[in-house]
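A.B. asks: So here's model11.txt (compact mmCIF, C-alpha atoms).
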# COMPACT_ATOMS: atom_id res chain seq x y z
CA MET A 1 24.49 -24.30 13.70
CA SER A 2 21.79 -24.52 11.04
CA THR A 3 22.85 -25.63 7.56
CA ALA A 4 19.73 -24.16 5.96
CA ALA A 5 20.32 -22.25 2.75
CA ASP A 6 19.82 -18.49 2.63
CA PRO A 7 16.24 -17.45 1.86
CA ARG A 8 15.91 -16.78 -1.83
CA PRO A 9 13.41 -14.36 -3.40
CA ILE A 10 11.31 -15.52 -6.32
CA ASP A 11 9.84 -12.64 -8.33
CA VAL A 12 6.54 -14.10 -9.54
CA LEU A 13 6.21 -11.28 -12.10
CA GLN A 14 2.74 -10.16 -11.09
CA ARG A 15 0.95 -8.60 -14.08
CA GLY A 16 4.18 -9.12 -16.01
CA ARG A 17 6.02 -6.58 -13.85
CA GLU A 18 9.21 -7.06 -11.88
CA ARG A 19 9.52 -6.09 -8.18
CA VAL A 20 5.81 -6.43 -7.30
CA ILE A 21 5.54 -9.75 -5.40
CA SER A 22 8.46 -11.67 -3.94
CA ALA A 23 7.77 -15.18 -2.66
CA TRP A 24 10.52 -16.51 -0.39
CA ASP A 25 12.02 -19.93 -1.07
CA LEU A 26 13.52 -21.51 2.05
CA GLY A 27 14.44 -24.78 0.34
CA GLY A 28 11.46 -27.04 0.97
CA ALA A 29 9.29 -24.24 2.37
CA VAL A 30 7.79 -21.09 0.88
CA VAL A 31 6.75 -17.85 2.57
CA ASP A 32 3.85 -15.99 0.88
CA PRO A 33 3.60 -17.74 -2.51
CA GLY A 34 1.57 -14.99 -4.22
CA PRO A 35 -1.56 -15.57 -6.35
CA GLU A 36 -2.52 -18.71 -8.26
CA ARG A 37 -2.31 -16.67 -11.45
CA ARG A 38 1.50 -16.76 -11.09
CA ILE A 39 1.85 -20.31 -9.72
CA GLU A 40 3.86 -21.67 -12.66
CA THR A 41 6.44 -18.89 -12.30
CA LEU A 42 6.66 -19.67 -8.59
CA ILE A 43 7.10 -23.41 -9.08
CA GLU A 44 9.70 -22.92 -11.81
CA GLY A 45 11.71 -20.84 -9.37
CA LEU A 46 11.65 -23.29 -6.44
CA ALA A 47 14.80 -25.21 -5.60
CA ASP A 48 12.88 -28.14 -4.06
CA GLU A 49 9.34 -29.45 -3.86
CA PRO A 50 7.61 -27.47 -1.10
CA ARG A 51 6.67 -29.35 2.05
CA ALA A 52 5.54 -26.30 4.01
CA LEU A 53 3.84 -23.01 3.18
CA LEU A 54 4.16 -20.13 5.64
CA LEU A 55 1.53 -17.42 5.20
CA THR A 56 1.98 -14.04 6.86
CA HIS A 57 -1.70 -13.35 6.09
CA ILE A 58 -4.39 -14.44 3.66
CA HIS A 59 -4.69 -11.47 1.28
CA LEU A 60 -4.70 -12.78 -2.27
CA ASP A 61 -1.41 -11.18 -3.30
CA HIS A 62 0.27 -13.17 -0.51
CA ALA A 63 -1.74 -16.38 -0.17
CA GLY A 64 -3.99 -16.72 -3.21
CA ALA A 65 -2.07 -19.77 -4.48
CA ALA A 66 -2.39 -21.71 -1.20
CA GLY A 67 -5.31 -23.91 -2.29
CA ALA A 68 -3.82 -24.63 -5.71
CA LEU A 69 -0.51 -25.59 -4.11
CA ALA A 70 -2.30 -27.93 -1.69
CA GLU A 71 -4.04 -29.49 -4.70
CA ARG A 72 -0.71 -30.02 -6.45
CA PHE A 73 1.21 -31.12 -3.33
CA PRO A 74 -1.34 -33.01 -1.17
CA ASP A 75 0.97 -33.35 1.86
CA LEU A 76 1.79 -29.63 2.01
CA GLU A 77 1.58 -28.15 5.52
CA ILE A 78 0.10 -24.64 5.42
CA TYR A 79 0.75 -22.38 8.41
CA VAL A 80 -1.70 -19.52 8.99
CA HIS A 81 -3.10 -17.51 11.88
CA ALA A 82 -6.30 -18.76 13.50
CA ARG A 83 -8.28 -15.75 12.26
CA GLY A 84 -7.31 -16.52 8.67
CA ALA A 85 -7.59 -20.30 8.67
CA PRO A 86 -11.41 -20.50 8.24
CA HIS A 87 -11.17 -18.28 5.15
CA LEU A 88 -8.64 -20.63 3.55
CA ALA A 89 -10.86 -23.63 4.21
CA ASP A 90 -13.87 -21.76 2.80
CA PRO A 91 -12.76 -18.72 0.78
CA SER A 92 -16.28 -17.56 -0.15
CA ARG A 93 -16.29 -14.52 2.18
CA LEU A 94 -12.71 -13.65 1.25
CA LEU A 95 -13.65 -13.73 -2.43
CA ALA A 96 -16.80 -11.66 -1.89
CA SER A 97 -14.73 -9.00 -0.12
CA ALA A 98 -12.06 -9.02 -2.84
CA GLU A 99 -14.67 -8.80 -5.61
CA ARG A 100 -16.03 -5.59 -4.09
CA ILE A 101 -12.55 -4.09 -4.54
CA TYR A 102 -11.30 -5.67 -7.78
CA GLY A 103 -14.51 -6.44 -9.68
CA ASP A 104 -13.88 -7.74 -13.19
CA GLU A 105 -10.12 -7.84 -12.61
CA MET A 106 -10.29 -10.76 -10.16
CA GLU A 107 -9.32 -13.46 -12.66
CA GLU A 108 -6.61 -11.39 -14.32
CA LEU A 109 -5.04 -10.45 -11.00
CA TRP A 110 -5.39 -13.57 -8.90
CA GLY A 111 -6.55 -16.56 -10.95
CA ARG A 112 -8.26 -19.39 -9.05
CA VAL A 113 -8.72 -19.23 -5.29
CA LEU A 114 -9.24 -22.83 -4.21
CA PRO A 115 -10.19 -24.00 -0.72
CA VAL A 116 -7.43 -25.51 1.41
CA PRO A 117 -8.35 -28.91 2.90
CA GLU A 118 -8.48 -28.66 6.67
CA ARG A 119 -6.02 -31.54 6.98
CA ASN A 120 -3.35 -29.31 5.40
CA LEU A 121 -3.87 -26.39 7.80
CA ARG A 122 -1.51 -25.73 10.71
CA VAL A 123 -3.22 -23.07 12.80
CA LEU A 124 -1.16 -20.44 14.65
CA GLU A 125 -1.99 -18.02 17.44
CA GLY A 126 1.43 -16.36 17.83
CA GLY A 127 4.07 -17.36 20.34
CA GLU A 128 4.86 -20.70 18.70
CA THR A 129 8.19 -21.96 17.41
CA ILE A 130 7.86 -24.10 14.29
CA SER A 131 10.40 -26.35 12.56
CA VAL A 132 10.40 -26.24 8.76
CA ALA A 133 13.07 -26.79 6.11
CA GLY A 134 15.80 -27.29 8.70
CA ARG A 135 14.95 -24.02 10.44
CA GLN A 136 13.46 -22.93 13.73
CA LEU A 137 11.09 -20.00 13.25
CA ASP A 138 9.43 -18.03 16.02
CA VAL A 139 5.92 -16.83 15.21
CA GLU A 140 4.55 -13.51 16.47
CA TYR A 141 1.03 -12.17 16.04
CA THR A 142 1.30 -8.78 14.29
CA PRO A 143 -2.09 -7.20 13.51
CA GLY A 144 -2.57 -3.73 12.06
CA HIS A 145 -2.44 -4.33 8.32
CA ALA A 146 -4.66 -7.38 8.81
CA SER A 147 -6.24 -8.91 11.89
CA HIS A 148 -4.77 -12.30 10.95
CA HIS A 149 -1.17 -11.21 10.27
CA VAL A 150 1.90 -12.97 11.68
CA VAL A 151 5.66 -12.51 11.30
CA TYR A 152 8.15 -15.40 11.18
CA PHE A 153 11.57 -14.87 12.80
CA ASP A 154 14.24 -17.30 11.60
CA ARG A 155 16.58 -18.23 14.45
CA SER A 156 19.26 -19.48 12.05
CA ASP A 157 20.15 -16.17 10.41
CA GLY A 158 17.99 -13.45 12.02
CA THR A 159 15.72 -12.93 9.01
CA ALA A 160 12.20 -11.68 9.75
CA PHE A 161 9.58 -12.57 7.13
CA VAL A 162 7.36 -9.57 7.67
CA GLY A 163 4.61 -9.74 5.04
CA ASP A 164 3.05 -6.26 4.93
CA VAL A 165 3.79 -5.14 8.50
CA ALA A 166 6.98 -3.39 7.34
CA GLY A 167 5.32 -1.82 4.31
CA VAL A 168 6.13 -1.69 0.60
CA ARG A 169 9.59 -0.70 -0.67
CA ILE A 170 10.53 -1.07 -4.34
CA PRO A 171 14.29 -1.28 -4.92
CA PRO A 172 16.50 0.51 -5.74
CA SER A 173 14.48 3.11 -3.83
CA ASP A 174 14.42 2.95 -0.01
CA PHE A 175 11.10 4.84 0.17
CA VAL A 176 8.55 2.93 2.29
CA ARG A 177 4.79 3.15 1.69
CA PRO A 178 2.29 1.60 4.14
CA PRO A 179 -0.31 -0.56 2.35
CA THR A 180 -3.65 0.30 3.96
CA PRO A 181 -6.40 -1.56 2.06
CA PRO A 182 -9.74 -2.48 3.65
CA PRO A 183 -11.18 -4.11 5.62
CA ASP A 184 -9.34 -4.15 8.96
CA ILE A 185 -6.61 -1.49 9.12
CA ASP A 186 -5.80 -0.61 12.75
CA VAL A 187 -3.14 2.10 13.03
CA ASP A 188 -2.53 1.73 16.77
CA ALA A 189 -2.19 -2.07 16.52
CA TRP A 190 0.11 -1.63 13.53
CA HIS A 191 2.42 0.60 15.56
CA ARG A 192 2.60 -2.03 18.27
CA SER A 193 3.42 -4.69 15.69
CA ILE A 194 6.22 -2.61 14.17
CA ASP A 195 7.60 -2.05 17.66
CA LEU A 196 7.46 -5.80 18.30
CA VAL A 197 9.45 -6.48 15.11
CA ALA A 198 12.01 -3.81 16.03
CA ALA A 199 12.38 -5.19 19.57
CA ARG A 200 13.39 -8.58 18.14
CA ARG A 201 16.33 -6.84 16.43
CA PRO A 202 16.17 -8.86 13.21
CA ALA A 203 19.29 -8.91 11.07
CA ARG A 204 17.21 -8.27 7.95
CA LEU A 205 13.61 -7.99 6.76
CA ALA A 206 12.26 -10.18 3.98
CA LEU A 207 9.50 -8.14 2.30
CA THR A 208 6.85 -9.56 0.02
CA HIS A 209 6.79 -6.14 -1.69
CA PHE A 210 9.75 -6.27 -2.37
CA GLY A 211 13.03 -8.00 -1.56
CA MET A 212 15.46 -7.94 1.36
CA VAL A 213 16.13 -5.01 3.69
CA ASP A 214 19.59 -5.30 5.22
CA ASP A 215 19.29 -2.38 7.66
CA PRO A 216 15.96 -2.78 9.50
CA PRO A 217 15.97 0.12 12.04
CA PRO A 218 15.76 3.07 9.59
CA HIS A 219 13.30 1.16 7.42
CA LEU A 220 10.97 0.48 10.37
CA ALA A 221 11.29 4.07 11.60
CA GLN A 222 10.32 5.38 8.17
CA MET A 223 7.41 2.94 8.05
CA LYS A 224 6.01 4.29 11.33
CA MET A 225 6.45 7.88 10.20
CA HIS A 226 4.73 7.32 6.86
CA LEU A 227 1.90 5.35 8.45
CA ASP A 228 1.16 8.34 10.66
CA LEU A 229 1.47 10.77 7.72
CA GLN A 230 -0.96 8.75 5.61
CA ALA A 231 -3.45 8.20 8.41
CA GLY A 232 -3.27 11.84 9.44
CA LEU A 233 -3.81 13.01 5.86
CA ALA A 234 -6.90 10.83 5.51
CA GLN A 235 -8.30 12.09 8.82
CA ARG A 236 -7.82 15.76 7.87
CA LEU A 237 -9.39 15.28 4.45
CA LEU A 238 -12.42 13.51 5.93
CA GLU A 239 -12.85 16.35 8.43
CA ARG A 240 -12.53 18.97 5.67
CA HIS A 241 -14.50 17.36 2.83
CA GLY A 242 -16.45 14.52 4.43
CA ASP A 243 -16.56 11.10 2.83
CA SER A 244 -16.57 12.49 -0.69
CA PRO A 245 -14.88 12.15 -4.08
CA ALA A 246 -13.03 15.39 -3.32
CA ALA A 247 -11.45 13.85 -0.22
CA ALA A 248 -10.47 10.70 -2.10
CA ALA A 249 -8.96 12.66 -4.99
CA ALA A 250 -6.95 14.89 -2.66
CA PHE A 251 -5.59 11.84 -0.83
CA VAL A 252 -4.55 10.16 -4.08
CA ASP A 253 -2.85 13.32 -5.35
CA GLU A 254 -0.87 13.89 -2.16
CA VAL A 255 0.27 10.28 -1.70
CA ASP A 256 1.21 10.10 -5.38
CA ARG A 257 3.31 13.25 -4.89
CA TRP A 258 5.06 11.81 -1.82
CA THR A 259 5.78 8.58 -3.70
CA ALA A 260 7.12 10.31 -6.81
CA GLU A 261 9.43 12.46 -4.67
CA GLY A 262 10.61 9.54 -2.55
CA ALA A 263 10.78 6.63 -4.96
CA GLY A 264 11.78 8.15 -8.31
CA GLU A 265 11.55 5.66 -11.19
CA ALA A 266 10.19 2.97 -8.86
CA ALA A 267 7.03 5.02 -8.17
CA SER A 268 5.05 3.34 -10.97
CA VAL A 269 5.65 -0.12 -9.46
CA PHE A 270 3.95 0.94 -6.22
CA GLU A 271 0.67 1.28 -8.09
CA VAL A 272 0.81 -2.38 -9.14
CA GLY A 273 1.60 -3.67 -5.64
CA ALA A 274 -0.23 -1.16 -3.43
CA PRO A 275 -2.72 1.00 -5.38
CA VAL A 276 -3.27 4.32 -3.65
CA GLU A 277 -7.05 4.25 -4.14
CA GLN A 278 -7.18 1.11 -1.98
CA MET A 279 -5.07 2.83 0.64
CA TRP A 280 -7.70 5.56 0.84
CA LEU A 281 -10.53 3.04 1.18
CA GLY A 282 -8.81 1.30 4.09
CA LEU A 283 -8.08 4.49 6.01
CA ARG A 284 -11.55 5.89 5.28
CA ARG A 285 -13.00 2.74 6.86
CA TYR A 286 -10.57 2.95 9.79
CA TRP A 287 -11.50 6.55 10.65
CA GLY A 288 -15.18 5.75 10.21
CA LYS A 289 -14.89 2.96 12.76
CA GLN A 290 -12.97 5.26 15.11
CA GLY A 291 -15.72 7.87 14.87
CA ALA A 292 -18.44 5.31 15.47
CA ALA A 293 -16.59 3.98 18.53
CA ALA A 294 -16.17 7.49 19.97
CA ALA A 295 -19.89 8.19 19.51
CA ARG A 296 -20.96 5.17 21.56
Could you quickly redo this structure as structure tokens?
C.D. replies:
Amino acid sequence: MSTAADPRPIDVLQRGRERVISAWDLGGAVVDPGPERRIETLIEGLADEPRALLLTHIHLDHAGAAGALAERFPDLEIYVHARGAPHLADPSRLLASAERIYGDEMEELWGRVLPVPERNLRVLEGGETISVAGRQLDVEYTPGHASHHVVYFDRSDGTAFVGDVAGVRIPPSDFVRPPTPPPDIDVDAWHRSIDLVAARRPARLALTHFGMVDDPPPHLAQMKMHLDLQAGLAQRLLERHGDSPAAAAAFVDEVDRWTAEGAGEAASVFEVGAPVEQMWLGLRRYWGKQGAAAAR
């Protein structure tokens, strides 16, 4: 029987707001540390010096602090999928992509994005079992939100550290919103990844956005339903209005309405963690790629 402590959320207070980004402290290991901009809040919250960093994927709200943590803790082992590892070692393309989305807000949102030395990287494909912080964690490849996404399943207590695969839920609401930013949303792959998580029957889901879900089946079912609703809405608007400001505005209005009805007072926090304009951009790109593939 494992003696590992329960995973503990650390709210890094992104943009000074609660319930936006939750890093997970495993006692000597951290899952998804958040951005470098909030690194001092993260470190203040840790119970022990981190020896391992487990990244579900390399988006800056999840992994932006990886290089700075490697600088501060030179022996830190950083686990990441093979598709993401090159972009940690050389973040230039990652930063160029992020700058197209965030522009002048890059520094305010994320702070420094430092390269991770290759000696610190532990490259994953999915299918491995890793030993960190007195735990055995099974790794599964879970694309859909990102082509380099993985989920970690803790054998000791049944917790699944799901990154963005299980969506965004801001407590006390149980409303789930799929984060669909560019560049590599894949709705069909995302469905398969959700099904993979459900098939493992985790006891609970540790979300980066935000906190612990103690009843996974209804949460995952809602996630699938809302992913289809969002994707379907984007497809209909593109068919009706083309790739136009009118289509984008209609998408934003409808998703904002769904969120306000479902999340109540928590609705405003969604816009900090998963801005709806970015959700439109990701689905617009997805349907454009689908159309191009069908035309070939």
A.B. asks: Calculated over all atoms listed in the file, which of the candidates A:Gly67, A:Pro202, A:Gly134, A:Gly84 has the smallest distance to Asn120 (chain A)?
C.D. replies: A:Gly67
A.B. asks: Would you pick out the contacts of His191 (chain A) at 12 Å or less, using all atoms listed in the file, so that residues sharing its chain but fewer than 6 positions from it are not included, and give the list as a list in words?
C.D. replies: Thr142, Pro143, Gly144, His145, Val165, Ala166, Gly167, Pro178, Ile185, Val197, Ala198, Leu220, Ala221, Gln222, Met223, Lys224, Met225, His226, Leu227, Asp228 and Ala231 of chain A
A.B. asks: Set the distance at 9 Å and use all atoms listed in the file: which residues neighbour Val150 (chain A) once local chain neighbours fewer than 4 positions away are removed? I'd like the list as a VMD selection string.
C.D. replies: chain A and resid 55 to 57 80 to 81 124 to 126 139 to 143 161 to 163 165
A.B. asks: Just C-alpha atoms for this one: save the residues we selected as a tab-separated table (two decimals), keeping the file's coordinate frame.
C.D. replies:
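In the end it all went to again-v6.tsv:
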chain	number	residue	atom	x	y	z
A	55	LEU	CA	1.53	-17.42	5.20
A	56	THR	CA	1.98	-14.04	6.86
A	57	HIS	CA	-1.70	-13.35	6.09
A	80	VAL	CA	-1.70	-19.52	8.99
A	81	HIS	CA	-3.10	-17.51	11.88
A	124	LEU	CA	-1.16	-20.44	14.65
A	125	GLU	CA	-1.99	-18.02	17.44
A	126	GLY	CA	1.43	-16.36	17.83
A	139	VAL	CA	5.92	-16.83	15.21
A	140	GLU	CA	4.55	-13.51	16.47
A	141	TYR	CA	1.03	-12.17	16.04
A	142	THR	CA	1.30	-8.78	14.29
A	143	PRO	CA	-2.09	-7.20	13.51
A	161	PHE	CA	9.58	-12.57	7.13
A	162	VAL	CA	7.36	-9.57	7.67
A	163	GLY	CA	4.61	-9.74	5.04
A	165	VAL	CA	3.79	-5.14	8.50
A.B. asks: Using only C-alpha atoms, can you list as a ChimeraX atom specification the residues within 9 Å of (-11.8, -5.1, 3.1)?
C.D. replies: /A:94,97-98,100-101,181-185,281-282,285
A.B. asks: If I take CA of Glu18 (chain A) and CA of Ile170 (chain A), how far is one from the other in Å, to one decimal?
C.D. replies: 9.7 Å
A.B. asks: Identify, on the basis of all atoms listed in the file, every residue whose closest approach to region 271-279 of chain A does not exceed 9 Å; exclude the query and any residue fewer than 4 positions from it along the same chain; express the result as JSON, numbers by chain.
C.D. replies: {"A": [14, 15, 17, 19, 20, 21, 61, 101, 168, 177, 178, 179, 180, 181, 182, 209, 230, 248, 249, 251, 252, 255, 256, 267, 283, 284]}
A.B. asks: Measuring between all atoms listed in the file, which one of A:His87, A:Arg51, A:Arg38, A:Arg135 shows the shortest distance to Ala5 (chain A)?
C.D. replies: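 Among the listed residues, A:Arg135 lies closest to Ala5 (chain A).
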A.B. asks: Can you work out the spacing between CA of Leu207 (chain A) and CA of Leu229 (chain A) in Å, to one decimal?
C.D. replies: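 Interatomic distance, CA of Leu207 (chain A) to CA of Leu229 (chain A): 21.2 Å.
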A.B. asks: How many Å separate CA of Ala234 (chain A) from CA of Ala189 (chain A)?
C.D. replies: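 Taking CA of Ala234 (chain A) and CA of Ala189 (chain A), their separation equals 17.6 Å.
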A.B. asks: Determine the nearest neighbour of Leu233 (chain A) from the options A:Arg119, A:Asp253, A:Asp215, A:Glu36, counting all atoms listed in the file.
C.D. replies: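 Between A:Arg119, A:Asp253, A:Asp215, A:Glu36, the residue approaching Leu233 (chain A) most closely is A:Asp253.
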A.B. asks: Taking all listed atoms of region 187-197 of chain A, build the axis-aligned box, pad each of the six sides by 4 Å, then write its centre and edge lengths in Å to one decimal as AutoDock Vina command-line options.
C.D. replies:
--center_x 3.2 --center_y -2.2 --center_z 15.7 --size_x 20.6 --size_y 16.6 --size_z 13.3
A.B. asks: Taking all atoms listed in the file into account, which of A:Arg201, A:Pro171, A:Trp280, A:Ile194 comes nearest Gly264 (chain A)?
C.D. replies: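 Of the candidates, the smallest distance to Gly264 (chain A) is held by A:Pro171.
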A.B. asks: From the options A:Leu76, A:Val151, A:Leu196, A:Val30, which residue's atoms come nearest to Leu137 (chain A), counting all atoms listed in the file?
C.D. replies: A:Val151
A.B. asks: Place a sphere of radius 9 Å on (9.1, -18.1, 14.5) in the file coordinates and name every protein, DNA or RNA residue with an atom inside or on its surface, counting all atoms listed in the file; give the answer as a VMD selection string.
C.D. replies: chain A and resid 126 to 131 136 to 140 151 to 155 160
A.B. asks: Go ahead and save the residues from that selection, with C-alpha atoms, as a PDB file, keeping the file's coordinate frame.
C.D. replies:
ATOM      1  CA  GLY A 126       1.430 -16.360  17.830  1.00  0.00           C
ATOM      2  CA  GLY A 127       4.070 -17.360  20.340  1.00  0.00           C
ATOM      3  CA  GLU A 128       4.860 -20.700  18.700  1.00  0.00           C
ATOM      4  CA  THR A 129       8.190 -21.960  17.410  1.00  0.00           C
ATOM      5  CA  ILE A 130       7.860 -24.100  14.290  1.00  0.00           C
ATOM      6  CA  SER A 131      10.400 -26.350  12.560  1.00  0.00           C
ATOM      7  CA  GLN A 136      13.460 -22.930  13.730  1.00  0.00           C
ATOM      8  CA  LEU A 137      11.090 -20.000  13.250  1.00  0.00           C
ATOM      9  CA  ASP A 138       9.430 -18.030  16.020  1.00  0.00           C
ATOM     10  CA  VAL A 139       5.920 -16.830  15.210  1.00  0.00           C
ATOM     11  CA  GLU A 140       4.550 -13.510  16.470  1.00  0.00           C
ATOM     12  CA  VAL A 151       5.660 -12.510  11.300  1.00  0.00           C
ATOM     13  CA  TYR A 152       8.150 -15.400  11.180  1.00  0.00           C
ATOM     14  CA  PHE A 153      11.570 -14.870  12.800  1.00  0.00           C
ATOM     15  CA  ASP A 154      14.240 -17.300  11.600  1.00  0.00           C
ATOM     16  CA  ARG A 155      16.580 -18.230  14.450  1.00  0.00           C
ATOM     17  CA  ALA A 160      12.200 -11.680   9.750  1.00  0.00           C
TER      18      ALA A 160
END
A.B. asks: So, with all atoms listed in the file as the atoms that count, which of A:Thr259, A:Ala133, A:Asp11, A:Glu107 lies closest to Asp48 (chain A)?
C.D. replies: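 Between A:Thr259, A:Ala133, A:Asp11, A:Glu107, the residue approaching Asp48 (chain A) most closely is A:Ala133.
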